[in-house]
>>> print(open('model-v1.cif').read())   # mmCIF, C-alpha atoms and all ligand atoms
data_upload
#
loop_
_atom_site.label_atom_id
_atom_site.label_comp_id
_atom_site.auth_asym_id
_atom_site.auth_seq_id
_atom_site.Cartn_x
_atom_site.Cartn_y
_atom_site.Cartn_z
CA MET A 28 -8.10 12.29 10.35
CA THR A 29 -6.09 9.13 9.79
CA GLY A 30 -3.53 7.48 12.03
CA TYR A 31 -0.94 9.75 13.52
CA ASN A 32 2.73 9.36 12.86
CA ASN A 33 5.18 11.93 13.96
CA SER A 34 7.04 12.20 10.65
CA ASN A 35 4.79 14.89 9.20
CA GLY A 36 4.01 16.46 12.53
CA GLY A 37 0.38 15.29 12.50
CA GLU A 38 -1.88 18.11 11.45
CA VAL A 39 0.66 20.84 11.95
CA ASN A 40 -0.68 23.70 9.96
CA THR A 41 0.96 24.78 6.74
CA ALA A 42 -1.43 27.64 6.00
CA SER A 43 -0.04 31.08 5.36
CA ASN A 44 0.66 32.90 8.58
CA GLY A 45 -0.35 36.25 7.12
CA ASN A 46 2.93 37.77 8.01
CA GLY A 47 2.53 41.09 6.15
CA HIS A 48 0.34 43.42 8.11
CA SER A 49 -0.71 46.93 8.73
CA ASN A 50 -2.25 47.51 12.11
CA GLY A 51 -3.30 51.05 11.43
CA HIS A 52 -1.84 52.23 14.73
CA SER A 53 -0.10 55.53 14.96
CA ASN A 54 2.87 55.87 17.24
CA GLY A 55 2.37 59.49 18.18
CA HIS A 56 -0.06 59.94 21.04
CA SER A 57 -1.51 62.46 23.39
CA ASN A 58 -2.60 61.14 26.77
CA GLY A 59 -5.01 64.00 27.33
CA ASN A 60 -3.82 64.24 30.95
CA LYS A 61 -4.34 67.91 31.67
CA SER A 62 -3.65 67.77 35.40
CA ALA A 63 -0.78 65.32 35.66
CA ASP A 64 0.96 67.74 38.00
CA TYR A 65 -2.25 68.71 39.81
CA THR A 66 -0.96 68.68 43.38
CA ALA A 67 2.15 70.62 42.64
CA GLN A 68 0.23 73.29 40.75
CA GLU A 69 -2.62 73.75 43.20
CA ASN A 70 -0.76 73.27 46.46
CA PRO A 71 2.81 74.12 45.84
CA THR A 72 4.09 72.99 49.25
CA MET A 73 1.63 70.17 50.05
CA CYS A 74 3.61 67.02 50.75
CA SER A 75 0.86 64.70 49.51
CA LYS A 76 -2.91 64.64 49.16
CA ASP A 77 -3.28 61.92 51.81
CA CYS A 78 -1.03 63.67 54.23
CA CYS A 79 -2.71 67.06 54.21
CA SER A 80 -6.30 66.24 53.35
CA GLY A 81 -7.31 65.40 56.91
CA GLN A 82 -6.22 68.76 58.22
CA GLY A 83 -8.91 70.98 56.73
CA GLY A 84 -7.10 71.19 53.45
CA PHE A 85 -3.77 72.62 52.83
CA LYS A 86 -2.82 75.86 54.49
CA PRO A 87 0.55 77.39 54.23
CA GLY A 88 2.49 76.29 57.29
CA ASN A 89 0.90 72.84 57.74
CA THR A 90 3.23 70.78 59.85
CA CYS A 91 2.23 67.49 58.35
CA ALA A 92 2.06 65.77 61.73
CA PRO A 93 0.57 62.27 61.54
CA LYS A 94 -3.23 62.29 61.58
CA LYS A 95 -5.01 61.02 64.68
CA GLY A 96 -5.34 57.25 64.47
CA ALA A 97 -2.86 56.95 61.64
CA VAL A 98 -0.38 54.09 61.87
CA SER A 99 3.18 55.15 62.16
CA SER A 100 5.57 53.29 59.94
CA SER A 101 6.78 51.18 62.89
CA ASP A 102 3.17 50.01 63.56
CA GLU A 103 2.57 48.87 59.98
CA LYS A 104 1.70 45.23 59.54
CA ILE A 105 4.80 43.41 58.48
CA VAL A 106 4.45 40.81 55.76
CA PRO A 107 6.11 37.87 57.48
CA THR A 108 8.98 35.97 55.92
CA PRO A 109 10.31 32.75 57.45
CA GLN A 110 13.26 34.72 58.81
CA SER A 111 11.11 37.39 60.45
CA LEU A 112 9.13 34.70 62.27
CA LEU A 113 12.10 33.00 63.83
CA LYS A 114 13.13 33.76 67.39
CA SER A 115 16.77 33.31 68.31
CA ASN A 116 15.97 29.87 69.76
CA GLY A 117 14.86 28.76 66.30
CA LYS A 118 11.16 28.59 67.27
CA ILE A 119 8.53 30.37 65.26
CA GLN A 120 6.80 33.25 67.00
CA CYS A 121 3.90 34.93 65.28
CA ASP A 122 0.19 35.58 65.58
CA LEU A 123 -0.72 33.77 62.37
CA THR A 124 -3.23 30.95 62.53
CA PRO A 125 -1.89 27.46 61.73
CA ASP A 126 -3.60 27.67 58.31
CA GLU A 127 -1.99 31.03 57.52
CA LEU A 128 1.35 29.70 58.67
CA ARG A 129 1.01 26.63 56.52
CA ALA A 130 0.06 28.70 53.46
CA LEU A 131 3.09 30.89 54.08
CA ARG A 132 5.38 27.92 54.39
CA VAL A 133 4.07 26.28 51.22
CA LEU A 134 4.43 29.58 49.35
CA ASN A 135 8.02 29.92 50.41
CA GLU A 136 8.96 26.31 49.66
CA ASP A 137 10.44 26.23 46.18
CA THR A 138 11.99 22.81 45.95
CA TYR A 139 10.73 19.52 47.25
CA PRO A 140 13.30 16.94 48.26
CA TYR A 141 12.61 13.34 47.28
CA GLU A 142 11.79 12.47 50.89
CA VAL A 143 9.08 15.14 51.13
CA ILE A 144 7.51 13.94 47.88
CA GLN A 145 7.68 10.39 49.25
CA GLU A 146 5.88 11.51 52.43
CA ILE A 147 3.09 13.11 50.39
CA ALA A 148 2.80 10.01 48.20
CA ASP A 149 2.64 7.75 51.29
CA PHE A 150 -0.06 9.96 52.80
CA ILE A 151 -2.14 9.54 49.65
CA THR A 152 -1.61 5.85 48.99
CA LYS A 153 -2.19 4.94 52.64
CA GLY A 154 -5.29 7.13 52.77
CA ALA A 155 -6.66 5.76 49.50
CA GLY A 156 -5.63 2.17 50.01
CA VAL A 157 -4.54 1.81 46.37
CA ARG A 158 -1.53 2.55 44.22
CA PRO A 159 -2.90 4.31 41.11
CA LYS A 160 -1.51 3.52 37.65
CA ILE A 161 -2.88 6.53 35.76
CA GLY A 162 -2.64 10.17 36.76
CA ILE A 163 -5.06 12.75 35.34
CA ILE A 164 -4.69 16.53 35.50
CA CYS A 165 -7.97 18.31 34.82
CA GLY A 166 -7.76 21.56 32.86
CA SER A 167 -9.80 24.71 33.48
CA GLY A 168 -13.47 23.80 33.70
CA LEU A 169 -12.68 20.12 33.07
CA GLY A 170 -12.84 19.02 36.69
CA SER A 171 -15.77 16.76 35.83
CA LEU A 172 -13.17 14.34 34.46
CA ALA A 173 -12.60 13.42 38.08
CA ASP A 174 -16.29 13.23 38.95
CA ILE A 175 -16.63 10.00 36.96
CA ILE A 176 -14.10 8.18 39.14
CA GLN A 177 -15.65 5.35 41.14
CA ASP A 178 -14.94 4.39 44.75
CA ALA A 179 -13.50 7.85 45.01
CA ARG A 180 -11.36 8.86 47.95
CA ILE A 181 -11.09 12.64 47.94
CA PHE A 182 -8.19 14.62 49.39
CA GLU A 183 -8.55 18.38 49.63
CA TYR A 184 -5.27 20.05 48.75
CA GLU A 185 -5.13 22.00 52.00
CA LYS A 186 -5.33 18.76 53.96
CA ILE A 187 -2.42 17.15 52.10
CA PRO A 188 0.85 17.89 53.90
CA ASN A 189 3.09 20.30 51.98
CA PHE A 190 0.68 20.60 49.06
CA PRO A 191 0.06 24.00 47.43
CA VAL A 192 -3.49 25.34 47.18
CA SER A 193 -5.53 26.07 44.05
CA THR A 194 -6.38 29.71 43.50
CA VAL A 195 -8.07 29.69 40.07
CA GLU A 196 -11.79 29.50 39.34
CA GLY A 197 -12.57 26.17 37.70
CA HIS A 198 -9.81 24.40 39.68
CA ALA A 199 -11.47 22.89 42.73
CA GLY A 200 -8.32 21.94 44.64
CA LYS A 201 -9.03 18.27 45.21
CA LEU A 202 -7.19 15.06 44.52
CA VAL A 203 -9.48 12.18 43.67
CA VAL A 204 -8.21 8.59 43.87
CA GLY A 205 -10.28 5.61 42.75
CA THR A 206 -11.04 3.44 39.75
CA LEU A 207 -12.10 4.32 36.25
CA GLU A 208 -12.92 1.75 33.57
CA GLY A 209 -11.08 -0.93 35.50
CA ALA A 210 -7.92 1.10 36.08
CA THR A 211 -6.71 2.66 39.31
CA VAL A 212 -6.41 6.41 38.80
CA MET A 213 -5.63 9.61 40.66
CA ALA A 214 -6.94 12.89 39.30
CA MET A 215 -6.07 16.46 40.15
CA GLN A 216 -9.19 18.63 40.14
CA GLY A 217 -7.15 21.79 39.95
CA ARG A 218 -3.60 22.36 38.83
CA PHE A 219 -1.01 24.96 39.71
CA HIS A 220 -0.05 27.70 37.29
CA PHE A 221 3.06 29.83 37.11
CA TYR A 222 0.93 32.99 37.16
CA GLU A 223 -0.45 32.06 40.58
CA GLY A 224 3.00 32.85 41.90
CA TYR A 225 4.26 29.30 42.22
CA PRO A 226 7.64 28.45 40.73
CA LEU A 227 7.47 25.87 37.96
CA ALA A 228 8.98 23.12 40.14
CA LYS A 229 6.12 23.61 42.55
CA CYS A 230 3.51 23.78 39.77
CA SER A 231 4.56 20.34 38.60
CA MET A 232 5.51 18.82 41.97
CA PRO A 233 2.25 16.76 42.02
CA VAL A 234 3.50 14.87 38.96
CA ARG A 235 6.39 13.56 41.08
CA VAL A 236 3.92 12.71 43.81
CA MET A 237 1.97 10.72 41.21
CA LYS A 238 5.16 8.92 40.20
CA LEU A 239 5.92 7.88 43.76
CA CYS A 240 2.30 6.80 44.19
CA GLY A 241 2.92 4.31 41.37
CA VAL A 242 1.56 6.23 38.38
CA GLU A 243 2.94 5.17 34.99
CA TYR A 244 0.75 7.22 32.65
CA LEU A 245 0.04 10.93 32.84
CA PHE A 246 -3.11 12.24 31.15
CA ALA A 247 -2.94 16.05 31.13
CA THR A 248 -5.74 18.23 29.82
CA ASN A 249 -6.04 21.98 29.39
CA ALA A 250 -8.17 24.75 28.01
CA ALA A 251 -6.39 26.61 25.22
CA GLY A 252 -6.81 29.23 22.56
CA GLY A 253 -6.81 27.94 18.99
CA ILE A 254 -4.24 29.64 16.79
CA ASN A 255 -4.51 27.21 13.90
CA PRO A 256 -7.21 28.81 11.73
CA ARG A 257 -8.73 25.39 11.04
CA TYR A 258 -9.54 24.83 14.71
CA GLY A 259 -13.02 25.67 15.93
CA VAL A 260 -14.25 26.43 19.43
CA GLY A 261 -15.00 23.14 21.17
CA ASP A 262 -12.50 21.12 19.12
CA ILE A 263 -9.99 18.87 20.80
CA MET A 264 -6.30 19.04 19.92
CA LEU A 265 -4.28 15.97 20.84
CA MET A 266 -0.84 17.28 21.74
CA HIS A 267 1.99 15.69 19.80
CA ASP A 268 4.60 18.29 20.74
CA HIS A 269 5.05 21.60 22.51
CA VAL A 270 6.99 24.85 22.37
CA ASN A 271 8.14 25.75 25.87
CA MET A 272 8.08 29.55 25.86
CA LEU A 273 8.95 29.70 29.55
CA GLY A 274 11.94 27.50 28.75
CA PHE A 275 13.00 30.02 26.07
CA ALA A 276 13.12 32.54 28.90
CA GLY A 277 15.35 30.27 30.99
CA ASN A 278 12.74 28.77 33.26
CA SER A 279 12.28 25.05 33.80
CA PRO A 280 10.67 22.82 36.44
CA LEU A 281 13.94 20.88 36.45
CA GLN A 282 16.09 23.85 37.40
CA GLY A 283 18.28 23.44 40.46
CA PRO A 284 20.00 20.37 41.84
CA ASN A 285 18.99 17.17 40.05
CA ASP A 286 17.98 14.15 42.11
CA PRO A 287 18.77 11.11 39.93
CA ARG A 288 16.10 9.10 41.79
CA PHE A 289 13.62 11.10 39.70
CA GLY A 290 15.56 11.17 36.44
CA PRO A 291 18.63 12.32 34.54
CA ARG A 292 20.18 15.80 34.65
CA PHE A 293 19.64 16.30 30.90
CA PRO A 294 16.48 14.52 29.78
CA ALA A 295 15.54 14.28 26.09
CA LEU A 296 12.06 15.47 25.17
CA THR A 297 11.94 14.45 21.52
CA ASN A 298 9.35 11.70 22.02
CA SER A 299 7.39 13.16 24.86
CA TYR A 300 3.86 12.42 23.70
CA ASN A 301 3.01 8.73 23.39
CA LYS A 302 2.16 7.93 19.78
CA ASP A 303 0.15 4.79 20.55
CA LEU A 304 -2.12 6.76 22.84
CA ILE A 305 -2.53 9.51 20.21
CA ASN A 306 -3.51 6.92 17.59
CA LYS A 307 -5.89 5.20 19.98
CA ALA A 308 -7.50 8.57 20.80
CA ILE A 309 -8.00 9.27 17.09
CA GLU A 310 -9.75 5.89 16.69
CA ILE A 311 -11.91 6.64 19.72
CA GLY A 312 -12.77 10.07 18.28
CA LYS A 313 -13.97 8.32 15.12
CA ALA A 314 -16.05 5.86 17.10
CA MET A 315 -17.59 8.77 19.00
CA GLY A 316 -18.45 10.52 15.73
CA ILE A 317 -16.36 13.59 16.57
CA GLU A 318 -13.56 12.86 14.11
CA SER A 319 -13.83 16.25 12.43
CA ASN A 320 -13.38 17.96 15.79
CA ILE A 321 -10.18 16.14 16.61
CA HIS A 322 -6.78 17.49 15.58
CA VAL A 323 -3.19 16.64 16.37
CA GLY A 324 -1.03 19.67 16.99
CA VAL A 325 1.54 21.69 18.87
CA TYR A 326 0.76 23.44 22.16
CA SER A 327 2.67 26.30 23.66
CA CYS A 328 2.59 27.49 27.25
CA LEU A 329 3.04 31.15 28.12
CA GLY A 330 3.29 32.46 31.65
CA GLY A 331 -0.08 34.23 31.75
CA PRO A 332 -2.30 35.31 33.40
CA ASN A 333 -2.92 37.77 30.58
CA TYR A 334 -4.02 36.43 27.23
CA GLU A 335 -1.78 37.13 24.27
CA THR A 336 -1.35 40.18 22.08
CA ILE A 337 -1.97 39.87 18.35
CA ALA A 338 1.77 40.23 17.66
CA GLU A 339 2.53 37.38 20.10
CA LEU A 340 -0.10 35.18 18.49
CA LYS A 341 1.34 35.90 15.03
CA ALA A 342 4.80 35.00 16.31
CA LEU A 343 3.53 31.75 17.85
CA ARG A 344 1.80 30.83 14.62
CA MET A 345 5.02 31.42 12.69
CA MET A 346 6.73 29.05 15.12
CA GLY A 347 4.26 26.30 14.26
CA VAL A 348 2.11 26.55 17.37
CA ASP A 349 -1.52 25.43 16.97
CA ALA A 350 -2.90 26.15 20.44
CA VAL A 351 -1.76 28.35 23.31
CA GLY A 352 -2.34 28.05 27.02
CA MET A 353 -0.77 28.60 30.43
CA SER A 354 -0.02 25.12 31.71
CA THR A 355 0.78 21.46 30.93
CA VAL A 356 4.28 21.89 29.44
CA HIS A 357 6.07 21.92 32.81
CA GLU A 358 3.98 18.93 33.92
CA VAL A 359 4.94 17.02 30.79
CA ILE A 360 8.63 17.89 31.28
CA THR A 361 8.47 16.63 34.86
CA ALA A 362 6.62 13.48 33.81
CA ARG A 363 9.08 12.67 31.05
CA HIS A 364 12.00 13.33 33.37
CA CYS A 365 10.73 10.53 35.62
CA ASP A 366 9.90 8.33 32.64
CA MET A 367 6.13 8.46 32.67
CA LYS A 368 4.17 7.92 29.46
CA VAL A 369 2.25 11.05 28.51
CA PHE A 370 -1.03 11.70 26.79
CA ALA A 371 -2.28 15.30 26.67
CA PHE A 372 -4.96 17.26 24.92
CA SER A 373 -6.22 20.83 24.68
CA LEU A 374 -9.87 21.74 24.56
CA ILE A 375 -10.04 24.74 22.23
CA THR A 376 -12.13 27.20 24.20
CA ASN A 377 -11.59 30.27 22.04
CA LYS A 378 -10.23 31.18 18.65
CA CYS A 379 -7.20 33.45 18.84
CA ALA A 380 -7.35 36.48 16.57
CA THR A 381 -4.22 36.89 14.49
CA GLU A 382 -5.38 40.05 12.74
CA TYR A 383 -6.09 43.40 14.36
CA ASN A 384 -9.71 44.29 14.93
CA ASP A 385 -11.71 46.24 17.49
CA LYS A 386 -14.33 43.60 18.18
CA LYS A 387 -14.66 43.41 21.96
CA ASP A 388 -16.68 40.21 21.76
CA GLU A 389 -13.73 38.44 20.15
CA GLU A 390 -11.48 39.08 23.13
CA PRO A 391 -10.83 35.96 25.20
CA SER A 392 -12.16 35.72 28.72
CA HIS A 393 -12.02 33.14 31.49
CA ASP A 394 -15.83 33.12 31.58
CA GLU A 395 -15.88 32.03 27.96
CA VAL A 396 -13.22 29.42 28.67
CA MET A 397 -15.31 27.99 31.50
CA ALA A 398 -18.53 28.07 29.48
CA VAL A 399 -17.01 26.17 26.55
CA ALA A 400 -15.39 23.65 28.89
CA LYS A 401 -18.77 23.03 30.50
CA MET A 402 -20.36 22.57 27.10
CA ARG A 403 -17.73 20.08 25.95
CA GLN A 404 -16.99 18.25 29.20
CA LYS A 405 -19.12 15.23 28.24
CA ASP A 406 -17.06 14.43 25.13
CA CYS A 407 -13.81 15.13 26.97
CA CYS A 408 -14.83 12.72 29.74
CA GLU A 409 -15.83 10.08 27.23
CA LEU A 410 -12.57 10.36 25.33
CA VAL A 411 -10.54 10.00 28.52
CA SER A 412 -12.56 7.14 29.95
CA ARG A 413 -12.55 5.17 26.69
CA LEU A 414 -8.81 5.61 26.38
CA ILE A 415 -8.33 4.44 29.95
CA ARG A 416 -10.53 1.42 29.23
CA GLU A 417 -8.22 0.51 26.31
CA LEU A 418 -5.21 0.88 28.58
CA ALA A 419 -6.81 -1.25 31.30
CA MET A 420 -7.60 -3.94 28.71
CA GLY A 421 -4.00 -3.78 27.56
CA SER A 422 -4.86 -2.76 24.00
CA ALA A 423 -3.34 0.72 23.96
O1 LIG B 501 -5.37 24.97 33.58
P1 LIG B 501 -5.62 25.34 32.16
O2 LIG B 501 -4.37 25.38 31.35
O3 LIG B 501 -6.66 24.46 31.52
O4 LIG B 501 -6.25 26.80 32.20
C1 LIG B 501 -6.28 27.74 31.14
C2 LIG B 501 -5.11 28.68 31.27
C3 LIG B 501 -5.59 29.61 32.36
O5 LIG B 501 -5.41 29.05 33.61
C4 LIG B 501 -7.04 29.74 32.10
C5 LIG B 501 -7.31 30.93 31.26
O6 LIG B 501 -8.66 31.07 30.97
O7 LIG B 501 -7.41 28.55 31.35
N1 LIG B 502 -2.62 31.71 26.99
C1 LIG B 502 -3.89 31.38 26.75
N2 LIG B 502 -4.49 30.51 27.56
C2 LIG B 502 -5.76 30.18 27.28
N3 LIG B 502 -6.58 29.34 27.92
C3 LIG B 502 -7.74 29.34 27.27
N4 LIG B 502 -7.68 30.17 26.22
C4 LIG B 502 -6.45 30.71 26.21
C5 LIG B 502 -5.78 31.64 25.35
O1 LIG B 502 -6.32 32.15 24.39
N5 LIG B 502 -4.51 31.93 25.67
#
>>> encode(input="model-v1.cif", output="structure tokens", more="lines below")
Ligand SMILES: O=P(O)(O)O[C@@H]1C[C@H](O)[C@@H](CO)O1
Ligand SMILES: Nc1nc2[nH]cnc2c(=O)[nH]1
Amino acid sequence: MTGYNNSNGGEVNTASNGNGHSNGHSNGHSNGNKSADYTAQENPTMCSKDCCSGQGGFKPGNTCAPKKGAVSSSDEKIVPTPQSLLKSNGKIQCDLTPDELRALRVLNEDTYPYEVIQEIADFITKGAGVRPKIGIICGSGLGSLADIIQDARIFEYEKIPNFPVSTVEGHAGKLVVGTLEGATVMAMQGRFHFYEGYPLAKCSMPVRVMKLCGVEYLFATNAAGGINPRYGVGDIMLMHDHVNMLGFAGNSPLQGPNDPRFGPRFPALTNSYNKDLINKAIEIGKAMGIESNIHVGVYSCLGGPNYETIAELKALRMMGVDAVGMSTVHEVITARHCDMKVFAFSLITNKCATEYNDKKDEEPSHDEVMAVAKMRQKDCCELVSRLIRELAMGSA
């Protein structure tokens, strides 16, 4: 791989996408469900299996009175909403623990005013005693990127005011602030995904926190499926562009009122991925002897949590996508909106099938994603730390 320049789209694949296909599927089907109407046939007047089963089975004339010990609908546990917790004096009244209450509040908070982000940033910079210059977001299984940070000050997400919590395996839920290769850094060991139930603005809110902490460069990493047939498992794809599938569906982290203290209402995204950093990373890849495992390509984020169908993967390939995942794009949009320089890469943890087959062992799984990330974490860490060293020395 030689130096990257955006004019030819890096290594964007030009191979045939294999558009013609026959999947051998027949549309007609029989679901083999012989007793779909079982209750109605066997017990013509039984109101429901649960209702009548505790009464010695159905007998004609059952009154369907509530079973002993059953909760009546008025006793059912109510899922609290902020409104249901409020008394008329505006105070919250509920039997939730402070932790449950906090989780509820964070879940219900969709937008973060500038002042709240500022408070979070102050909490971190005061606690850490430094203003970091580089922000790192660790992808699935790549949390070890933060383990190499020196003089680390660790903040668990649940202890940071107004911060969401990580719910995905391989995302520890810690913010690590310290120094790496002479630069001050803050790293997220655990990011937030749309599929966890967080709105995109909340998923990428930590990027704004980074900005107000003083961060100028965002390094985002992710685990992704390789759609480009030339990519192998364990390869690294330096992102030079993205296709925002969630954006196609009308979803953006920048939706809602725009606060110009962060950035403009209509930001341009044409030069989102810093070319100097991409070229430096290619040079570093050569020096590490992993040149043939480094690509430059286009990433696309889908909502997840399911992996893609073959038809979706074919469509993505036709659109020029090289790797697919469930993150990063909204973080990059948020970072570019507030004028941060961005470097991002995907670790290819699985090859995406773009032809139909029945091979179970070729289906993606999070276990496989984690295993490959573990196997490749050393090279990923080295790439990131060498790049940060170049930045700290002022040569990137
Ligand atoms: O956080 P990233 O994007 O690295 O995680 C990917 C996408 C899903 O969260 C998970 C699927 O295995 O890995
Ligand atoms: N959407 C998606 N995310 C991934 N993360 C790791 N592998 C994959 C994949 O194949 N698809």
>>> residues_near_ligand(input="model-v1.cif", ligand="ligand LIG 502 (chain B)", cutoff="10 Å", atoms="only C-alpha atoms and all ligand atoms", output="number ranges by chain")
A: 166-167, 249-254, 327-336, 340, 350-354, 373-380, 390-397, 399-400
>>> residues_around(input="model-v1.cif", residues="A:Ala362", least_positions_apart="6", cutoff="10 Å", atoms="all atoms listed in the file", output="PyMOL selection string")
chain A and resi 231-235+237-238+242-245+289-290+299+356+368-369
>>> write_last_selection(input="model-v1.cif", atoms="C-alpha atoms", output="tab-separated table (two decimals), keeping the file's coordinate frame")
chain	number	residue	atom	x	y	z
A	231	SER	CA	4.56	20.34	38.60
A	232	MET	CA	5.51	18.82	41.97
A	233	PRO	CA	2.25	16.76	42.02
A	234	VAL	CA	3.50	14.87	38.96
A	235	ARG	CA	6.39	13.56	41.08
A	237	MET	CA	1.97	10.72	41.21
A	238	LYS	CA	5.16	8.92	40.20
A	242	VAL	CA	1.56	6.23	38.38
A	243	GLU	CA	2.94	5.17	34.99
A	244	TYR	CA	0.75	7.22	32.65
A	245	LEU	CA	0.04	10.93	32.84
A	289	PHE	CA	13.62	11.10	39.70
A	290	GLY	CA	15.56	11.17	36.44
A	299	SER	CA	7.39	13.16	24.86
A	356	VAL	CA	4.28	21.89	29.44
A	368	LYS	CA	4.17	7.92	29.46
A	369	VAL	CA	2.25	11.05	28.51
>>> axis_aligned_box(input="model-v1.cif", around="ligand LIG 501 (chain B)", padding_each_side="5 Å", output="JSON")
{"center_x": -6.5, "center_y": 27.8, "center_z": 32.3, "size_x": 14.3, "size_y": 16.6, "size_z": 12.6}
>>> closest_residue(input="model-v1.cif", among="A:Asp122, A:Glu223, A:Glu208, A:Asp174", to="ligand LIG 501 (chain B)", atoms="all atoms listed in the file")
A:Glu223
>>> closest_residue(input="model-v1.cif", among="A:Asp137, A:Arg292, A:Phe182, A:Leu281", to="A:Tyr225", atoms="all atoms listed in the file")
A:Asp137
>>> atom_distance(input="model-v1.cif", atom1="atom CA of A:Phe246", atom2="atom CA of A:Ile161")
7.3 Å
